[in-house]
>>> print(open('upload.cif').read())   # mmCIF, C-alpha atoms
data_structure
loop_
_atom_site.label_atom_id
_atom_site.label_comp_id
_atom_site.auth_asym_id
_atom_site.auth_seq_id
_atom_site.Cartn_x
_atom_site.Cartn_y
_atom_site.Cartn_z
CA MET A 383 64.61 -14.64 69.56
CA ARG A 384 65.46 -11.74 67.23
CA GLU A 385 69.04 -12.94 67.06
CA LEU A 386 67.87 -16.46 66.27
CA VAL A 387 65.57 -15.21 63.52
CA GLY A 388 68.38 -13.15 62.04
CA ARG A 389 70.78 -16.11 61.97
CA LEU A 390 68.15 -18.41 60.51
CA GLU A 391 67.27 -15.91 57.77
CA ALA A 392 70.95 -15.71 56.83
CA LEU A 393 71.03 -19.50 56.38
CA ASP A 394 67.52 -20.04 54.98
CA PRO A 395 65.45 -16.93 54.15
CA ASP A 396 62.15 -18.84 53.93
CA ALA A 397 62.70 -20.62 57.26
CA GLY A 398 63.70 -17.37 58.94
CA ALA A 399 60.64 -15.57 57.58
CA ALA A 400 58.39 -18.43 58.73
CA LEU A 401 59.83 -18.25 62.25
CA ARG A 402 59.25 -14.50 62.27
CA VAL A 403 55.59 -15.09 61.32
CA ILE A 404 55.12 -17.70 64.05
CA THR A 405 56.69 -15.43 66.67
CA PHE A 406 54.56 -12.47 65.60
CA PHE A 407 51.22 -14.26 65.93
CA ASP A 408 52.23 -16.01 69.17
CA GLN A 409 52.95 -12.61 70.67
CA LEU A 410 49.54 -11.32 69.56
CA ILE A 411 47.87 -14.16 71.46
CA GLU A 412 50.01 -13.56 74.55
CA ARG A 413 49.04 -9.87 74.53
CA ARG A 414 45.37 -10.82 74.08
CA ALA A 415 45.18 -8.71 70.92
CA GLY A 416 41.96 -8.34 68.94
CA LEU A 417 40.89 -9.80 65.60
CA GLU A 418 41.75 -6.69 63.63
CA ASN A 419 45.35 -6.90 64.83
CA VAL A 420 45.52 -10.46 63.49
CA VAL A 421 44.25 -9.44 60.05
CA ARG A 422 46.50 -6.38 60.02
CA GLY A 423 49.48 -8.61 60.80
CA ALA A 424 48.58 -10.95 57.95
CA ALA A 425 48.35 -8.04 55.52
CA VAL A 426 51.60 -6.41 56.59
CA LEU A 427 53.60 -9.65 56.73
CA SER A 428 52.35 -10.89 53.35
CA GLY A 429 52.30 -7.56 51.56
CA HIS A 430 48.76 -8.21 50.27
CA PRO A 431 45.28 -7.18 51.46
CA ALA A 432 44.11 -9.75 54.03
CA VAL A 433 40.56 -10.77 54.89
CA LEU A 434 39.02 -12.68 57.80
CA VAL A 435 35.45 -13.97 57.60
CA ASP A 436 33.57 -15.98 60.21
CA THR A 437 30.20 -16.85 58.70
CA ASP A 438 28.78 -18.22 61.97
CA ARG A 439 29.55 -15.13 63.99
CA GLY A 440 29.07 -12.51 61.27
CA VAL A 441 32.70 -11.31 61.42
CA ARG A 442 34.11 -9.65 58.28
CA ILE A 443 37.42 -7.76 58.45
CA ARG A 444 39.63 -6.55 55.60
CA VAL A 445 42.97 -4.75 56.09
CA THR A 446 45.36 -3.46 53.45
CA PRO A 447 49.18 -3.83 53.64
CA ASP A 448 49.54 -0.29 54.98
CA GLY A 449 47.51 -1.33 58.04
CA THR A 450 44.24 0.38 57.06
CA ARG A 451 40.92 -1.35 57.71
CA THR A 452 38.65 -0.99 54.66
CA GLU A 453 35.30 -2.12 53.37
CA LEU A 454 35.14 -5.77 52.35
CA ALA A 455 34.73 -5.91 48.57
CA PRO A 456 34.34 -8.30 46.93
CA SER A 457 32.56 -10.27 49.63
CA GLU A 458 34.04 -13.58 48.44
CA PRO A 459 37.60 -14.43 47.36
CA GLN A 460 38.19 -14.52 43.64
CA ALA A 461 39.15 -17.78 42.00
CA GLY A 462 42.82 -18.48 42.51
CA TRP A 463 43.33 -16.23 45.53
CA CYS A 464 45.26 -17.73 48.45
CA ARG A 465 42.75 -18.89 51.06
CA LEU A 466 42.46 -21.15 54.09
CA THR A 467 39.33 -22.30 55.92
CA VAL A 468 39.25 -23.75 59.45
CA ASP A 469 36.33 -25.19 61.38
CA SER A 470 34.26 -24.84 58.18
CA HIS A 471 33.24 -21.26 59.00
CA ILE A 472 36.47 -19.25 59.58
CA THR A 473 38.23 -18.27 56.35
CA VAL A 474 41.36 -16.24 55.86
CA TRP A 475 42.38 -15.15 52.38
CA LEU A 476 44.96 -12.93 50.75
CA GLU A 477 44.03 -10.91 47.68
CA HIS A 478 46.82 -12.47 45.70
CA PRO A 479 46.72 -15.19 43.03
CA GLY A 480 47.84 -18.60 44.33
CA PRO A 481 49.38 -20.91 44.94
CA PRO A 482 50.75 -19.35 48.11
CA GLY A 483 54.48 -19.26 48.73
CA PRO A 484 55.96 -20.64 51.97
CA VAL A 485 55.63 -17.32 53.81
CA GLU A 486 52.09 -16.64 52.57
CA ALA A 487 50.99 -20.16 53.55
CA MET A 488 52.43 -19.71 57.04
CA VAL A 489 50.81 -16.28 57.38
CA MET A 490 47.37 -17.68 56.54
CA GLU A 491 47.79 -20.71 58.80
CA ARG A 492 48.94 -18.74 61.83
CA ALA A 493 46.39 -15.96 61.24
CA ALA A 494 43.56 -18.49 61.04
CA MET A 495 44.72 -20.29 64.19
CA SER A 496 45.10 -17.00 66.06
CA ALA A 497 41.67 -15.83 64.94
CA ARG A 498 40.07 -19.07 66.10
CA THR A 499 41.76 -18.73 69.52
CA ILE A 500 40.59 -15.14 69.93
CA LEU A 501 37.06 -15.89 68.74
CA ASP A 502 36.71 -18.84 71.13
CA ARG A 503 38.05 -16.73 74.00
CA THR A 504 35.98 -13.60 73.43
CA ARG A 505 32.82 -14.94 71.85
CA GLY A 506 32.58 -18.55 72.91
CA ARG A 507 32.08 -21.42 70.50
CA ALA A 508 30.38 -20.40 67.31
CA ARG A 509 26.83 -19.20 67.81
CA PRO A 510 25.53 -16.00 66.29
CA GLN A 511 23.31 -14.82 69.18
CA PRO A 512 23.40 -13.53 71.76
CA ARG A 513 26.60 -11.52 71.66
CA HIS A 514 28.81 -11.91 74.73
CA ASP A 515 29.85 -8.92 76.80
CA ALA A 516 33.53 -9.57 75.96
CA GLU A 517 32.75 -9.25 72.25
CA LEU A 518 30.72 -6.10 72.79
CA VAL A 519 33.51 -4.53 74.83
CA GLU A 520 35.97 -5.41 72.06
CA VAL A 521 33.79 -3.57 69.53
CA LEU A 522 33.22 -0.60 71.83
CA LEU A 523 36.97 -0.16 72.37
CA ASP A 524 37.94 -0.67 68.73
CA ALA A 525 38.86 2.72 67.28
CA ALA A 526 38.58 1.26 63.78
CA ALA A 527 34.97 0.14 64.31
CA SER A 528 32.25 2.39 62.93
CA VAL A 529 30.42 4.81 65.21
CA GLU A 530 27.23 2.87 64.52
CA ASP A 531 28.79 -0.43 65.61
CA ARG A 532 30.27 1.08 68.77
CA SER A 533 26.98 2.79 69.63
CA HIS A 534 25.14 -0.50 69.17
CA ALA A 535 27.68 -2.29 71.39
CA ALA A 536 27.24 0.33 74.11
CA LYS A 537 23.47 -0.10 73.94
CA ARG A 538 23.78 -3.88 74.26
CA LEU A 539 26.04 -3.37 77.28
CA ARG A 540 23.27 -1.22 78.83
CA LEU A 541 25.47 1.87 78.90
CA LYS A 542 23.59 5.16 78.59
CA PRO A 543 24.91 7.58 75.94
CA SER A 544 24.62 10.47 78.41
CA GLU A 545 26.88 8.81 80.99
CA LEU A 546 30.65 9.00 81.19
CA ALA A 547 32.40 5.64 81.26
CA ARG A 548 35.82 4.24 82.07
CA VAL A 549 37.99 1.48 80.71
CA VAL A 550 39.12 -0.92 83.43
CA ALA A 551 42.23 -2.96 82.59
CA GLU A 552 42.73 -5.94 84.87
CA PHE A 553 46.34 -6.63 85.76
CA ASP A 554 46.24 -10.00 83.98
CA GLY A 555 44.91 -8.51 80.73
CA PRO A 556 41.10 -8.45 80.29
CA LEU A 557 39.39 -5.12 79.61
CA HIS A 558 36.02 -4.01 80.98
CA VAL A 559 33.88 -0.90 80.62
CA GLY A 560 31.78 0.63 83.37
CA THR A 561 30.40 3.80 84.88
CA THR A 562 31.35 2.93 88.47
CA SER A 563 34.62 2.17 90.22
CA PRO A 564 35.85 -1.45 90.17
CA GLU A 565 35.42 -3.68 93.21
CA SER A 566 37.87 -2.96 96.02
CA ASP A 567 39.36 -6.45 95.82
CA SER A 568 40.19 -6.05 92.12
CA ARG A 569 43.67 -5.36 90.82
CA ALA A 570 43.29 -3.06 87.87
CA GLY A 571 44.16 0.18 86.15
CA VAL A 572 41.32 2.60 85.43
CA GLY A 573 41.28 5.04 82.53
CA PRO A 574 39.81 8.55 82.64
CA ALA A 575 36.05 9.07 82.51
CA VAL A 576 35.04 10.06 78.98
CA PRO A 577 31.99 9.87 76.67
CA LEU A 578 31.35 6.36 75.39
CA LEU A 579 32.60 6.91 71.85
CA GLU A 580 35.91 8.30 73.14
CA LEU A 581 36.74 5.18 75.15
CA PRO A 582 39.21 3.71 72.58
CA LYS A 583 41.51 6.69 73.23
CA THR A 584 41.79 5.73 76.92
CA VAL A 585 42.69 2.03 76.61
CA ALA A 586 46.43 2.71 76.63
CA ALA A 587 46.09 4.87 79.77
CA ALA A 588 44.13 2.16 81.58
CA ARG A 589 46.71 -0.49 80.67
CA ALA A 590 49.53 1.81 81.78
CA ALA A 591 47.78 2.46 85.10
CA ALA A 592 47.46 -1.31 85.64
CA GLN A 593 51.24 -1.56 85.54
CA PHE A 594 51.41 0.64 88.65
CA THR A 595 49.20 -1.65 90.74
CA ALA A 596 50.48 -3.91 93.48
CA GLN A 597 49.27 -6.99 95.32
CA GLY A 598 48.82 -4.95 98.49
CA THR A 599 50.87 -7.38 100.60
CA PRO A 600 53.91 -6.82 102.85
CA THR A 601 56.18 -8.13 100.09
CA ASP A 602 54.42 -6.08 97.40
CA PRO A 603 52.83 -3.07 99.13
CA GLY A 604 50.90 -0.49 97.21
CA PRO A 605 47.46 0.18 95.72
CA ARG A 606 45.52 -2.60 93.99
CA ILE A 607 43.54 -0.05 91.97
CA VAL A 608 45.26 2.86 90.21
CA TYR A 609 43.48 5.66 88.32
CA ALA A 610 45.31 7.03 85.30
CA GLU A 611 44.40 10.63 86.11
CA ASP A 612 45.96 10.29 89.59
CA LEU A 613 49.34 9.47 88.04
CA GLY A 614 49.67 12.68 86.06
CA GLY A 615 53.05 12.85 84.36
CA LEU A 616 54.22 9.76 86.28
CA ILE A 617 52.29 7.64 83.80
CA LEU A 618 55.15 8.27 81.36
CA LEU A 619 57.29 6.03 83.57
CA ALA A 620 55.41 3.03 82.18
CA ALA A 621 56.95 3.64 78.77
CA ALA A 622 60.39 4.28 80.27
CA ALA A 623 60.59 1.08 82.31
CA ASP A 624 62.36 -0.99 79.67
CA ALA A 625 65.83 -0.49 81.14
CA PRO A 626 67.05 -3.50 83.20
CA PRO A 627 66.27 -2.86 86.89
CA ASP A 628 69.90 -3.47 87.94
CA THR A 629 70.92 -0.46 85.85
CA VAL A 630 68.68 1.91 87.85
CA PRO A 631 70.58 2.74 91.09
CA ASP A 632 67.51 3.73 93.10
CA ILE A 633 65.75 0.44 92.34
CA ALA A 634 68.83 -1.46 93.44
CA ALA A 635 68.92 0.62 96.63
CA VAL A 636 65.30 -0.21 97.43
CA GLU A 637 65.95 -3.91 96.82
CA ARG A 638 68.96 -3.88 99.15
CA ALA A 639 66.95 -2.12 101.84
CA ALA A 640 64.00 -4.48 101.42
CA ALA A 641 66.24 -7.49 102.02
CA THR A 642 67.22 -6.28 105.50
CA ALA A 643 63.88 -6.55 107.31
CA PRO A 644 60.29 -7.70 106.58
CA TRP A 645 58.96 -4.31 107.69
CA MET A 646 61.13 -2.30 105.31
CA LEU A 647 58.95 -2.31 102.17
CA PRO A 648 55.68 -1.46 103.98
CA THR A 649 57.55 1.29 105.83
CA LEU A 650 58.98 2.76 102.62
CA ASP A 651 55.52 2.63 101.01
CA ALA A 652 53.96 4.40 103.99
CA LEU A 653 56.67 7.07 103.96
CA ALA A 654 56.13 7.67 100.25
CA SER A 655 52.34 7.78 100.62
CA GLY A 656 51.99 9.69 103.91
CA GLY A 657 52.08 13.43 104.34
CA SER A 658 54.21 13.25 107.50
CA LEU A 659 56.00 10.79 109.76
CA ARG A 660 53.05 10.81 112.15
CA THR A 661 50.66 10.01 109.31
CA ALA A 662 52.90 7.17 108.15
CA ALA A 663 53.22 5.85 111.73
CA ALA A 664 49.44 5.81 112.07
CA ALA A 665 49.08 3.92 108.78
CA LEU A 666 51.65 1.35 109.92
CA LYS A 667 50.14 1.21 113.44
CA VAL A 668 53.51 1.75 115.09
CA HIS A 669 54.71 4.35 117.59
CA HIS A 670 56.13 7.58 116.22
CA SER A 671 59.53 6.84 117.81
CA THR A 672 59.60 3.40 116.19
CA LEU A 673 59.07 4.94 112.79
CA GLN A 674 61.79 7.49 113.51
CA GLU A 675 64.24 4.62 114.09
CA ARG A 676 63.08 2.79 110.96
CA THR A 677 63.41 5.94 108.88
CA THR A 678 66.97 6.49 110.07
CA GLN A 679 67.88 2.93 109.12
CA ALA A 680 66.15 3.26 105.74
CA GLU A 681 67.97 6.51 104.96
CA ARG A 682 71.31 4.85 105.73
CA LEU A 683 70.53 1.91 103.44
CA LEU A 684 69.08 3.96 100.60
CA GLY A 685 71.65 6.71 100.67
CA TRP A 686 69.30 9.69 100.61
CA PRO A 687 67.10 11.54 103.15
CA LEU A 688 63.43 10.68 103.58
CA ARG A 689 62.34 13.50 105.88
CA ASP A 690 62.12 16.20 103.21
CA HIS A 691 59.96 16.57 100.12
CA PRO A 692 62.66 15.88 97.47
CA GLY A 693 63.64 12.68 99.28
CA ARG A 694 60.02 11.49 99.43
CA VAL A 695 59.53 12.22 95.73
CA ARG A 696 62.70 10.28 94.91
CA LEU A 697 61.45 7.36 97.02
CA THR A 698 58.03 7.46 95.32
CA VAL A 699 59.60 7.28 91.87
CA ALA A 700 61.96 4.47 92.95
CA LEU A 701 59.08 2.40 94.35
CA MET A 702 56.99 2.96 91.22
CA LEU A 703 59.85 1.94 88.93
CA ARG A 704 60.42 -1.17 91.05
CA ARG A 705 56.73 -2.02 90.81
CA LEU A 706 56.72 -1.50 87.03
CA HIS A 707 59.69 -3.82 86.58
CA ARG A 708 58.20 -6.49 88.84
CA ASN A 709 54.83 -6.34 87.08
CA LYS A 710 56.48 -6.47 83.66
CA ALA A 711 58.46 -9.56 84.75
CA GLN A 712 55.28 -11.25 86.00
CA ALA A 713 53.47 -10.53 82.74
CA SER A 714 56.28 -11.89 80.53
#
>>> encode(input="upload.cif", output="structure tokens")
Amino acid sequence: MRELVGRLEALDPDAGAALRVITFFDQLIERRAGLENVVRGAAVLSGHPAVLVDTDRGVRIRVTPDGTRTELAPSEPQAGWCRLTVDSHITVWLEHPGPPGPVEAMVMERAAMSARTILDRTRGRARPQPRHDAELVEVLLDAAASVEDRSHAAKRLRLKPSELARVVAEFDGPLHVGTTSPESDSRAGVGPAVPLLELPKTVAAARAAAQFTAQGTPTDPGPRIVYAEDLGGLILLAAAADAPPDTVPDIAAVERAAATAPWMLPTLDALASGGSLRTAAAALKVHHSTLQERTTQAERLLGWPLRDHPGRVRLTVALMLRRLHRNKAQAS
């Protein structure tokens, strides 16, 4: 897509810029970004302060071209400013005298459409009261929201200020906040327990932990719930998993081994998770001698030993990288 945009901009700058705008806002929707990200994108892409107002829901967001959220003043667009209204109550405007150019018009159109999609998803069809939990969670996790707004959202969510809370990031995207562990059948990453007003700082950790989850099946063994604090420094792997999997030798080795027998992946997962061969055999419900034979075969296929600590660590990292790549492919 980047190459296509670059070629199109060389032929027709306005068309290339418009395609870049469309791609940007489509990606925001795919990532389930919040309203402020939409307004920030409009401001940065247009080079002018951007404003979103939803009169039915009481939403008012203003962001300057440097990405800073500021107070909304004036409360209404001045005569001649570029503006676009959808559904009679959602208005996007740029603090720039009109008429809008091709890029500015596209920015307003795509920002308004994106805002409507997000508002309908998180807050339901327009109705001012009562606020939905999804909206309250969005406010509580918004670092740019005021302390007063986040405190009010926490109160509406029935969260006590004295309690520590966690961000729970479901594997398919939605965020939740709670003071207890998620249900055992969930598939989610869980951020560290912190005071309520510090929760925005833990969103990235919860999302990263979600990337380490698995389906918990023979073809995708591993934990369905992963706590960020349990990963320690391994959480940095989430940011380093952009390299193609076929360029990481240990991932390729695991894939080759997995293709040889249906029991291979569960066995490798048990070896990486267990403290000893006997512990792994008990988890797999096989005889110790059976696991010995499987381990020998796995070592031959992988190309490194699995009966010592360095070999187990290497296997653990290989399995985690494989899981990260598979989860990233499923999400894209």
>>> closest_residue(input="upload.cif", among="A:Pro556, A:Gly614, A:Gly598, A:Pro459", to="Thr473 in chain A", atoms="all atoms listed in the file")
A:Pro459
>>> resolve_selection(input="upload.cif", expression="the PyMOL selection byres ((chain A and resi 669-674) around 12)", output="JSON, numbers by chain")
{"A": [645, 646, 648, 649, 650, 652, 653, 658, 659, 660, 661, 662, 663, 664, 665, 666, 667, 668, 675, 676, 677, 678, 679, 680, 681, 688, 689]}
>>> residues_around(input="upload.cif", residues="Ala432 in chain A", least_positions_apart="2", cutoff="7 Å", atoms="only C-alpha atoms", output="list of chain:residue names")
A:Val421, A:Ala424, A:Ala425, A:His430, A:Leu434, A:Arg444, A:Val445, A:Thr446, A:Trp475, A:Leu476, A:Glu477
>>> closest_residue(input="upload.cif", among="A:Val433, A:Leu541, A:Met488, A:Val468", to="Phe406 in chain A", atoms="all atoms listed in the file")
A:Met488
>>> closest_residue(input="upload.cif", among="A:Val559, A:Ala494, A:Ala591, A:Ala551", to="Leu522 in chain A", atoms="all atoms listed in the file")
A:Val559
>>> atom_distance(input="upload.cif", atom1="CA of Glu486 in chain A", atom2="CA of Val426 in chain A")
11.0 Å
>>> resolve_selection(input="upload.cif", expression="the PyMOL selection byres ((chain A and resi 461-465) around 6)", output="list in words")
Gln460, Leu466, Val474, Trp475, Leu476, Glu477, His478, Pro479, Gly480 and Pro482 of chain A
>>> closest_residue(input="upload.cif", among="A:Asp438, A:Asp651, A:Asp469, A:Asp567", to="Thr499 in chain A", atoms="all atoms listed in the file")
A:Asp469
>>> resolve_selection(input="upload.cif", expression="the PyMOL selection byres ((chain A and resi 701) around 10)", output="PyMOL selection string")
chain A and resi 594+603-604+632-633+636-637+647+650-651+654+695-700+702-707
>>> residues_around(input="upload.cif", residues="Gln593 in chain A", least_positions_apart="2", cutoff="8 Å", atoms="only C-alpha atoms", output="PDB file with C-alpha atoms, in the coordinates of the input")
ATOM      1  CA  PHE A 553      46.340  -6.630  85.760  1.00  0.00           C
ATOM      2  CA  GLY A 571      44.160   0.180  86.150  1.00  0.00           C
ATOM      3  CA  ARG A 589      46.710  -0.490  80.670  1.00  0.00           C
ATOM      4  CA  ALA A 590      49.530   1.810  81.780  1.00  0.00           C
ATOM      5  CA  ALA A 591      47.780   2.460  85.100  1.00  0.00           C
ATOM      6  CA  THR A 595      49.200  -1.650  90.740  1.00  0.00           C
ATOM      7  CA  ALA A 620      55.410   3.030  82.180  1.00  0.00           C
ATOM      8  CA  ARG A 705      56.730  -2.020  90.810  1.00  0.00           C
ATOM      9  CA  LEU A 706      56.720  -1.500  87.030  1.00  0.00           C
ATOM     10  CA  ASN A 709      54.830  -6.340  87.080  1.00  0.00           C
ATOM     11  CA  LYS A 710      56.480  -6.470  83.660  1.00  0.00           C
TER      12      LYS A 710
END
>>> atom_distance(input="upload.cif", atom1="CA of Val549 in chain A", atom2="CA of Gly573 in chain A")
5.2 Å
>>> atom_distance(input="upload.cif", atom1="CA of Ser544 in chain A", atom2="CA of Ser563 in chain A")
17.6 Å
>>> residues_around(input="upload.cif", residues="range 535-537 of chain A", least_positions_apart="3", cutoff="8 Å", atoms="all atoms listed in the file", output="ChimeraX atom specification")
/A:518-519,521-522,531-532,540-543,578
>>> residues_around(input="upload.cif", residues="Leu501 in chain A", least_positions_apart="6", cutoff="10 Å", atoms="all atoms listed in the file", output="list in words")
Gly416, Leu417, Asp436, Arg439, Val441, Ile472, Met495, Arg507, Ala508 and Glu517 of chain A
>>> closest_residue(input="upload.cif", among="A:Pro644, A:Pro484, A:Pro564, A:Pro447", to="Val403 in chain A", atoms="all atoms listed in the file")
A:Pro484
